[in-house]
Amino acid sequence: MRTNYLFTSESVSEGHPDKVADQISDAIVDLFLSKDPEARIACETLTTTQLVVLAGEIRCKGVYENDEWAPGAKEEIEATVRATVKRIGYEQDGFHWEKFLFLNHLHGQSAHIAQGVDAGENKDEGAGDQGIMFGYATDETPGLMPATLYYSHKILERMAADRHSGAAPFLEPDAKSQVTLRYEGSLPVAATAIVVSTQHKPGYDENDPAKQAELEAYVKGVIADVIPPVLLRETEYFINPTGSFEIGGPDGDAGLTGRKIIVDTYGGASPHGGGAFSGKDPTKVDRSAAYITRYLAKNVVAAGLATRCTIQIAYAIGVSKPLSLYVDTHDTGTVGDDTIEQAILGIAKLGGLTPRSIRTHLGLNKPIYQPTAAYGHFGRTAEGDFFPWERLDLVDDLKAALG
């Protein structure tokens, strides 16, 4: 294992066009789950200049049944989409929450998919698709997340909060960050490079050096507040390195649901199965199984069984039992990885990690998903019904299973 190296992760803000799409898709998931906890949703969103398009398959009691929309349902969907864009803050000539053209191409769920997923009289509910999912945890931050991604998220979260509060009135919604850390052993010791590109009001660029300096000083101040000073002693900063970032969001680049899967997960520190999360109800194991593997990996590390843990799980469409479970503690485990695998499978309340048992244990059939669609699905604070996969309530079960 390497003991001295550089590693980099990036994040994007809630106003990035792909994240606008993710938030819209998850707003639709939440809308349908609020009407019907057993709703089936696969909602994809396209955003571009003054246009939002929805496409995908749904099934929802009281909203869309027998290939027909309930009265007022289409209008409620459009209102939800526009409210999401308004909350993000888009009131620009090229993308305005009141003015964009909205197209709804959602339609009924495929009967062939439904028959594989729905539970029958003698059949447990099957997985919504085949695939592999990964969960990861590391002790390098309090939330057991990779530090490079943790700090990348925190920079943009702080900037968004300042934009919404009016503390940074020169900011617009679109932004990206990137943090490079030097590691010695398993822990970060220095931030060697930080990149922040943020959309801004007219004038805060190379054409007005004083305003450009104000913007740069603000961003450096945010970084200094977010990242411990001990890590900033040799940092090279790249703030709006192109010189100007006035045109942004869906007007600057088209956005699509599911194009920021590394930002959504572990910043490249862990493998990824390839499936996106946003726009999918929790019968889709792309989402629910990624959540349960994060939950398991986090509890393994929190239990002191390892300082790093990667967990993979695999499913076949229509089949309830997982095809495989794989644990890798990267030579940091206090017991064997195979022993941890058997302990996980033996914990009764996990129900053998079937799709239904995952949803039941984590309480996933609720409208809890829009907050996940910006600044990462993992490393967040478990509070109430939100982010239940971040709970540390399996630690005692793991210790008991391992004797």
# chains A, B, ... in the order shown; residues from 1 in each chain; ligands from 1

call {"tool": "residues_around", "arguments": {"residues": "range 144-147 of chain A", "least_positions_apart": "5", "cutoff": "10 Å", "atoms": "only C-alpha atoms", "output": "PyMOL selection string"}}
result
chain A and resi 7-9+136-139+152-153+179-181+187-188+227+265-270+297-299+301-302+307-308+378-380+390

call {"tool": "select_by_dssp", "arguments": {"residues": "range 212-354 of chain A", "states": "helix (DSSP H, G or I)", "output": "JSON, numbers by chain"}}
result
{"A": [212, 213, 214, 215, 216, 217, 218, 219, 220, 221, 222, 223, 224, 225, 226, 229, 230, 231, 249, 250, 251, 252, 261, 262, 263, 264, 285, 286, 287, 288, 289, 290, 291, 292, 293, 294, 295, 296, 297, 298, 299, 300, 301, 302, 337, 338, 339, 340, 341, 342, 343, 344, 345, 346, 348, 349, 350, 351, 352, 353]}

call {"tool": "select_by_dssp", "arguments": {"residues": "range 168-324 of chain A", "states": "strand (DSSP E)", "output": "VMD selection string"}}
result
chain A and resid 171 to 184 187 to 200 236 to 239 255 to 256 308 to 315 324

call {"tool": "residues_around", "arguments": {"residues": "Asp36 in chain A", "least_positions_apart": "2", "cutoff": "10 Å", "atoms": "only C-alpha atoms", "output": "NGL selection string"}}
result
:A and (30-34 or 38-40 or 59-63 or 365-367)

call {"tool": "atom_distance", "arguments": {"atom1": "CA of Ile292 in chain A", "atom2": "CA of Thr372 in chain A"}}
result
14.9 Å

call {"tool": "closest_residue", "arguments": {"among": "A:Ala193, A:Val222, A:Leu103, A:Ile247", "to": "Met159 in chain A", "atoms": "only C-alpha atoms"}}
result
A:Val222

call {"tool": "residues_around", "arguments": {"residues": "Ile261 in chain A", "least_positions_apart": "3", "cutoff": "9 Å", "atoms": "only C-alpha atoms", "output": "PyMOL selection string"}}
result
chain A and resi 258+264-267+272+274-277

call {"tool": "write_last_selection", "arguments": {"atoms": "C-alpha atoms", "output": "compact mmCIF listing (two decimals), in the first residue's frame"}}
result
# COMPACT_ATOMS: atom_id res chain seq x y z
CA GLY A 258 -27.12 10.72 -13.21
CA ASP A 264 -22.57 11.61 -5.40
CA THR A 265 -20.54 8.83 -3.76
CA TYR A 266 -16.87 8.79 -2.68
CA GLY A 267 -14.97 11.11 -5.00
CA HIS A 272 -18.55 2.45 -8.39
CA GLY A 274 -22.10 2.46 -12.54
CA GLY A 275 -25.72 3.06 -11.59
CA ALA A 276 -26.99 6.53 -10.69
CA PHE A 277 -29.33 7.21 -7.77

call {"tool": "closest_residue", "arguments": {"among": "A:Ala289, A:Leu398, A:Ala161, A:Leu323", "to": "Leu305 in chain A", "atoms": "only C-alpha atoms"}}
result
A:Leu398

call {"tool": "residues_around", "arguments": {"residues": "Pro322 in chain A", "least_positions_apart": "6", "cutoff": "9 Å", "atoms": "only C-alpha atoms", "output": "list of chain:residue names"}}
result
A:Ala127, A:Ile313, A:Ala314, A:Tyr315, A:Ala316, A:Gly352, A:Leu353, A:Thr354, A:Pro355

call {"tool": "write_last_selection", "arguments": {"atoms": "N, CA and C atoms", "output": "PDB file, in the first residue's frame"}}
result
ATOM      1  N   ALA A 127     -35.345  -7.768  -7.087  1.00  0.00           N
ATOM      2  CA  ALA A 127     -34.591  -6.549  -7.355  1.00  0.00           C
ATOM      3  C   ALA A 127     -35.107  -5.892  -8.627  1.00  0.00           C
ATOM      4  N   ILE A 313     -22.039  -5.569  -3.354  1.00  0.00           N
ATOM      5  CA  ILE A 313     -23.170  -6.488  -3.377  1.00  0.00           C
ATOM      6  C   ILE A 313     -23.680  -6.558  -4.808  1.00  0.00           C
ATOM      7  N   ALA A 314     -24.280  -7.689  -5.183  1.00  0.00           N
ATOM      8  CA  ALA A 314     -24.754  -7.878  -6.562  1.00  0.00           C
ATOM      9  C   ALA A 314     -26.143  -8.492  -6.555  1.00  0.00           C
ATOM     10  N   TYR A 315     -26.941  -8.127  -7.574  1.00  0.00           N
ATOM     11  CA  TYR A 315     -28.319  -8.612  -7.698  1.00  0.00           C
ATOM     12  C   TYR A 315     -28.624  -8.979  -9.149  1.00  0.00           C
ATOM     13  N   ALA A 316     -29.680  -9.782  -9.306  1.00  0.00           N
ATOM     14  CA  ALA A 316     -30.268 -10.065 -10.617  1.00  0.00           C
ATOM     15  C   ALA A 316     -31.698  -9.550 -10.610  1.00  0.00           C
ATOM     16  N   GLY A 352     -31.222 -10.791   5.342  1.00  0.00           N
ATOM     17  CA  GLY A 352     -30.552 -11.372   4.185  1.00  0.00           C
ATOM     18  C   GLY A 352     -30.291 -10.397   3.055  1.00  0.00           C
ATOM     19  N   LEU A 353     -30.470  -9.097   3.328  1.00  0.00           N
ATOM     20  CA  LEU A 353     -30.191  -8.040   2.355  1.00  0.00           C
ATOM     21  C   LEU A 353     -31.031  -8.174   1.083  1.00  0.00           C
ATOM     22  N   THR A 354     -32.252  -8.639   1.214  1.00  0.00           N
ATOM     23  CA  THR A 354     -33.173  -8.614   0.081  1.00  0.00           C
ATOM     24  C   THR A 354     -33.626  -7.171  -0.138  1.00  0.00           C
ATOM     25  N   PRO A 355     -34.094  -6.830  -1.342  1.00  0.00           N
ATOM     26  CA  PRO A 355     -34.543  -5.449  -1.579  1.00  0.00           C
ATOM     27  C   PRO A 355     -35.590  -4.976  -0.582  1.00  0.00           C
TER      28      PRO A 355
END

call {"tool": "residues_around", "arguments": {"residues": "Thr339 in chain A", "least_positions_apart": "4", "cutoff": "10 Å", "atoms": "only C-alpha atoms", "output": "JSON, numbers by chain"}}
result
{"A": [327, 335, 343, 344, 401, 402]}

call {"tool": "residues_around", "arguments": {"residues": "Gly203 in chain A", "least_positions_apart": "4", "cutoff": "12 Å", "atoms": "only C-alpha atoms", "output": "PyMOL selection string"}}
result
chain A and resi 170-171+199+207-215+243-247

call {"tool": "write_last_selection", "arguments": {"atoms": "all heavy atoms", "output": "compact mmCIF listing (two decimals), in the first residue's frame"}}
result
# COMPACT_ATOMS: atom_id res chain seq x y z
N PHE A 170 -22.70 38.53 -5.14
CA PHE A 170 -22.08 38.46 -6.46
C PHE A 170 -22.06 37.04 -7.02
O PHE A 170 -21.67 36.83 -8.17
CB PHE A 170 -20.64 39.00 -6.41
CG PHE A 170 -19.87 38.56 -5.20
CD1 PHE A 170 -19.29 37.31 -5.13
CD2 PHE A 170 -19.75 39.41 -4.11
CE1 PHE A 170 -18.60 36.89 -4.02
CE2 PHE A 170 -19.05 39.01 -2.98
CZ PHE A 170 -18.48 37.74 -2.92
N LEU A 171 -22.48 36.05 -6.23
CA LEU A 171 -22.46 34.66 -6.70
C LEU A 171 -23.75 34.32 -7.43
O LEU A 171 -24.82 34.79 -7.09
CB LEU A 171 -22.29 33.70 -5.52
CG LEU A 171 -21.00 33.78 -4.71
CD1 LEU A 171 -21.02 32.73 -3.61
CD2 LEU A 171 -19.78 33.60 -5.61
N GLN A 199 -19.88 30.62 -10.91
CA GLN A 199 -20.63 31.58 -11.71
C GLN A 199 -20.82 32.85 -10.89
O GLN A 199 -20.97 32.80 -9.66
CB GLN A 199 -21.98 30.98 -12.08
CG GLN A 199 -22.79 31.80 -13.08
CD GLN A 199 -24.17 31.21 -13.32
OE1 GLN A 199 -24.62 30.36 -12.55
NE2 GLN A 199 -24.84 31.66 -14.36
N ASN A 207 -12.09 41.81 -16.50
CA ASN A 207 -12.36 43.16 -17.00
C ASN A 207 -12.47 44.20 -15.89
O ASN A 207 -12.44 45.40 -16.15
CB ASN A 207 -13.64 43.17 -17.84
CG ASN A 207 -13.51 42.32 -19.09
OD1 ASN A 207 -12.49 42.40 -19.78
ND2 ASN A 207 -14.51 41.49 -19.36
N ASP A 208 -12.63 43.74 -14.66
CA ASP A 208 -12.67 44.65 -13.50
C ASP A 208 -11.80 44.03 -12.41
O ASP A 208 -12.28 43.26 -11.58
CB ASP A 208 -14.11 44.83 -13.01
CG ASP A 208 -14.22 45.94 -11.97
OD1 ASP A 208 -13.25 46.15 -11.21
OD2 ASP A 208 -15.29 46.58 -11.90
N PRO A 209 -10.50 44.33 -12.40
CA PRO A 209 -9.58 43.68 -11.47
C PRO A 209 -9.98 43.82 -10.00
O PRO A 209 -9.77 42.89 -9.21
CB PRO A 209 -8.25 44.38 -11.75
CG PRO A 209 -8.37 44.84 -13.17
CD PRO A 209 -9.81 45.23 -13.34
N ALA A 210 -10.60 44.93 -9.63
CA ALA A 210 -10.97 45.13 -8.23
C ALA A 210 -12.09 44.15 -7.83
O ALA A 210 -12.03 43.52 -6.76
CB ALA A 210 -11.42 46.57 -8.01
N LYS A 211 -13.10 44.02 -8.68
CA LYS A 211 -14.18 43.08 -8.38
C LYS A 211 -13.70 41.63 -8.47
O LYS A 211 -14.13 40.78 -7.68
CB LYS A 211 -15.35 43.30 -9.35
CG LYS A 211 -16.16 44.56 -9.06
CD LYS A 211 -17.38 44.65 -9.96
CE LYS A 211 -18.25 45.84 -9.58
NZ LYS A 211 -19.45 45.96 -10.44
N GLN A 212 -12.80 41.36 -9.41
CA GLN A 212 -12.25 40.02 -9.51
C GLN A 212 -11.48 39.67 -8.24
O GLN A 212 -11.59 38.56 -7.71
CB GLN A 212 -11.33 39.91 -10.73
CG GLN A 212 -10.81 38.50 -10.97
CD GLN A 212 -9.90 38.43 -12.18
OE1 GLN A 212 -9.09 39.32 -12.40
NE2 GLN A 212 -10.05 37.38 -12.97
N ALA A 213 -10.72 40.63 -7.72
CA ALA A 213 -9.97 40.42 -6.47
C ALA A 213 -10.92 40.20 -5.30
O ALA A 213 -10.64 39.39 -4.39
CB ALA A 213 -9.04 41.60 -6.21
N GLU A 214 -12.06 40.91 -5.29
CA GLU A 214 -13.05 40.72 -4.22
C GLU A 214 -13.61 39.30 -4.24
O GLU A 214 -13.75 38.66 -3.19
CB GLU A 214 -14.19 41.73 -4.42
CG GLU A 214 -15.29 41.60 -3.37
CD GLU A 214 -16.48 42.52 -3.66
OE1 GLU A 214 -16.41 43.31 -4.62
OE2 GLU A 214 -17.49 42.42 -2.93
N LEU A 215 -13.90 38.81 -5.43
CA LEU A 215 -14.41 37.45 -5.56
C LEU A 215 -13.36 36.43 -5.11
O LEU A 215 -13.67 35.49 -4.35
CB LEU A 215 -14.82 37.17 -7.01
CG LEU A 215 -15.29 35.76 -7.35
CD1 LEU A 215 -16.52 35.39 -6.55
CD2 LEU A 215 -15.56 35.62 -8.85
N GLY A 243 -10.98 33.01 -16.07
CA GLY A 243 -11.08 34.47 -16.01
C GLY A 243 -12.48 34.98 -15.88
O GLY A 243 -12.71 36.03 -15.29
N SER A 244 -13.47 34.28 -16.46
CA SER A 244 -14.85 34.73 -16.40
C SER A 244 -15.78 33.53 -16.41
O SER A 244 -15.57 32.56 -17.14
CB SER A 244 -15.16 35.65 -17.60
OG SER A 244 -16.48 36.13 -17.53
N PHE A 245 -16.84 33.62 -15.60
CA PHE A 245 -17.83 32.54 -15.53
C PHE A 245 -19.20 33.20 -15.27
O PHE A 245 -19.80 33.02 -14.23
CB PHE A 245 -17.46 31.57 -14.42
CG PHE A 245 -18.29 30.31 -14.34
CD1 PHE A 245 -19.30 30.03 -15.25
CD2 PHE A 245 -18.04 29.39 -13.34
CE1 PHE A 245 -20.04 28.87 -15.17
CE2 PHE A 245 -18.79 28.21 -13.23
CZ PHE A 245 -19.80 27.96 -14.15
N GLU A 246 -19.65 33.95 -16.25
CA GLU A 246 -20.92 34.65 -16.11
C GLU A 246 -22.08 33.81 -16.63
O GLU A 246 -23.16 33.80 -16.06
CB GLU A 246 -20.86 35.99 -16.85
CG GLU A 246 -22.07 36.86 -16.63
CD GLU A 246 -21.92 38.22 -17.29
OE1 GLU A 246 -20.79 38.72 -17.41
OE2 GLU A 246 -22.96 38.78 -17.70
N ILE A 247 -21.87 33.11 -17.75
CA ILE A 247 -22.91 32.25 -18.31
C ILE A 247 -22.71 30.85 -17.75
O ILE A 247 -21.67 30.24 -17.92
CB ILE A 247 -22.82 32.21 -19.85
CG1 ILE A 247 -23.01 33.60 -20.42
CG2 ILE A 247 -23.87 31.25 -20.42
CD1 ILE A 247 -22.73 33.69 -21.92

call {"tool": "closest_residue", "arguments": {"among": "A:Asp281, A:Tyr151, A:Glu68, A:Thr198", "to": "Leu231 in chain A", "atoms": "only C-alpha atoms"}}
result
A:Tyr151

call {"tool": "closest_residue", "arguments": {"among": "A:Leu364, A:Leu296, A:Leu350, A:Ala70", "to": "Asp328 in chain A", "atoms": "only C-alpha atoms"}}
result
A:Leu296

call {"tool": "atom_distance", "arguments": {"atom1": "CA of Gly252 in chain A", "atom2": "CA of Lys154 in chain A"}}
result
23.9 Å

call {"tool": "closest_residue", "arguments": {"among": "A:Ala217, A:Val300, A:Val29, A:Ile368", "to": "Arg391 in chain A", "atoms": "only C-alpha atoms"}}
result
A:Val300

call {"tool": "atom_distance", "arguments": {"atom1": "CA of Pro371 in chain A", "atom2": "CA of Val395 in chain A"}}
result
25.8 Å

call {"tool": "closest_residue", "arguments": {"among": "A:Tyr375, A:Phe100, A:Phe134, A:Phe238", "to": "Ser288 in chain A", "atoms": "only C-alpha atoms"}}
result
A:Phe134

call {"tool": "decode", "arguments": {"residues": "range 105-169 of chain A", "atoms": "C-alpha atoms", "output": "PDB file, in the first residue's frame"}}
result
ATOM      1  CA  HIS A 105     -42.882  12.588 -21.187  1.00  0.00           C
ATOM      2  CA  LEU A 106     -43.376  10.329 -18.162  1.00  0.00           C
ATOM      3  CA  HIS A 107     -45.468   7.242 -18.900  1.00  0.00           C
ATOM      4  CA  GLY A 108     -46.505   3.937 -17.325  1.00  0.00           C
ATOM      5  CA  GLN A 109     -44.070   1.345 -16.013  1.00  0.00           C
ATOM      6  CA  SER A 110     -43.274  -1.610 -18.248  1.00  0.00           C
ATOM      7  CA  ALA A 111     -45.418  -4.620 -17.343  1.00  0.00           C
ATOM      8  CA  HIS A 112     -42.408  -6.889 -17.894  1.00  0.00           C
ATOM      9  CA  ILE A 113     -40.350  -4.980 -15.331  1.00  0.00           C
ATOM     10  CA  ALA A 114     -43.270  -4.900 -12.902  1.00  0.00           C
ATOM     11  CA  GLN A 115     -43.802  -8.654 -13.031  1.00  0.00           C
ATOM     12  CA  GLY A 116     -40.180  -9.258 -12.027  1.00  0.00           C
ATOM     13  CA  VAL A 117     -40.165  -6.760  -9.188  1.00  0.00           C
ATOM     14  CA  ASP A 118     -43.598  -7.081  -7.573  1.00  0.00           C
ATOM     15  CA  ALA A 119     -44.071  -9.625  -4.815  1.00  0.00           C
ATOM     16  CA  GLY A 120     -46.519 -12.440  -5.516  1.00  0.00           C
ATOM     17  CA  GLU A 121     -48.353 -14.963  -3.384  1.00  0.00           C
ATOM     18  CA  ASN A 122     -45.383 -17.348  -3.345  1.00  0.00           C
ATOM     19  CA  LYS A 123     -42.623 -14.903  -4.322  1.00  0.00           C
ATOM     20  CA  ASP A 124     -40.698 -12.247  -2.460  1.00  0.00           C
ATOM     21  CA  GLU A 125     -40.163  -8.894  -4.126  1.00  0.00           C
ATOM     22  CA  GLY A 126     -37.333  -9.061  -6.644  1.00  0.00           C
ATOM     23  CA  ALA A 127     -34.591  -6.549  -7.355  1.00  0.00           C
ATOM     24  CA  GLY A 128     -35.573  -3.829  -9.806  1.00  0.00           C
ATOM     25  CA  ASP A 129     -32.553  -4.515 -11.995  1.00  0.00           C
ATOM     26  CA  GLN A 130     -29.350  -6.473 -12.167  1.00  0.00           C
ATOM     27  CA  GLY A 131     -26.137  -4.779 -11.119  1.00  0.00           C
ATOM     28  CA  ILE A 132     -23.312  -4.294  -8.660  1.00  0.00           C
ATOM     29  CA  MET A 133     -23.244  -1.665  -5.916  1.00  0.00           C
ATOM     30  CA  PHE A 134     -20.456  -0.466  -3.629  1.00  0.00           C
ATOM     31  CA  GLY A 135     -20.294   1.126  -0.208  1.00  0.00           C
ATOM     32  CA  TYR A 136     -17.228   2.683   1.401  1.00  0.00           C
ATOM     33  CA  ALA A 137     -16.053   4.247   4.653  1.00  0.00           C
ATOM     34  CA  THR A 138     -12.737   5.586   5.919  1.00  0.00           C
ATOM     35  CA  ASP A 139     -11.719   7.060   9.258  1.00  0.00           C
ATOM     36  CA  GLU A 140      -9.972  10.098   7.756  1.00  0.00           C
ATOM     37  CA  THR A 141     -12.902  12.450   8.551  1.00  0.00           C
ATOM     38  CA  PRO A 142     -15.478  12.475  11.385  1.00  0.00           C
ATOM     39  CA  GLY A 143     -18.232  11.453   8.946  1.00  0.00           C
ATOM     40  CA  LEU A 144     -16.065   8.523   7.769  1.00  0.00           C
ATOM     41  CA  MET A 145     -15.713   9.945   4.264  1.00  0.00           C
ATOM     42  CA  PRO A 146     -12.675  10.660   2.049  1.00  0.00           C
ATOM     43  CA  ALA A 147     -11.272  14.051   3.032  1.00  0.00           C
ATOM     44  CA  THR A 148     -10.799  15.226  -0.563  1.00  0.00           C
ATOM     45  CA  LEU A 149     -14.519  14.879  -1.292  1.00  0.00           C
ATOM     46  CA  TYR A 150     -15.590  16.053   2.168  1.00  0.00           C
ATOM     47  CA  TYR A 151     -13.789  19.391   1.754  1.00  0.00           C
ATOM     48  CA  SER A 152     -14.873  19.777  -1.885  1.00  0.00           C
ATOM     49  CA  HIS A 153     -18.521  19.490  -0.785  1.00  0.00           C
ATOM     50  CA  LYS A 154     -18.082  21.803   2.201  1.00  0.00           C
ATOM     51  CA  ILE A 155     -16.621  24.633   0.110  1.00  0.00           C
ATOM     52  CA  LEU A 156     -19.633  24.669  -2.206  1.00  0.00           C
ATOM     53  CA  GLU A 157     -22.187  24.185   0.583  1.00  0.00           C
ATOM     54  CA  ARG A 158     -20.796  27.257   2.344  1.00  0.00           C
ATOM     55  CA  MET A 159     -20.834  29.320  -0.866  1.00  0.00           C
ATOM     56  CA  ALA A 160     -24.438  28.303  -1.583  1.00  0.00           C
ATOM     57  CA  ALA A 161     -25.477  29.251   1.957  1.00  0.00           C
ATOM     58  CA  ASP A 162     -23.846  32.677   1.536  1.00  0.00           C
ATOM     59  CA  ARG A 163     -25.542  33.147  -1.837  1.00  0.00           C
ATOM     60  CA  HIS A 164     -28.979  32.306  -0.447  1.00  0.00           C
ATOM     61  CA  SER A 165     -28.512  34.496   2.645  1.00  0.00           C
ATOM     62  CA  GLY A 166     -27.240  37.469   0.639  1.00  0.00           C
ATOM     63  CA  ALA A 167     -23.813  37.399   2.277  1.00  0.00           C
ATOM     64  CA  ALA A 168     -22.231  36.840  -1.172  1.00  0.00           C
ATOM     65  CA  PRO A 169     -24.562  38.707  -3.589  1.00  0.00           C
TER      66      PRO A 169
END
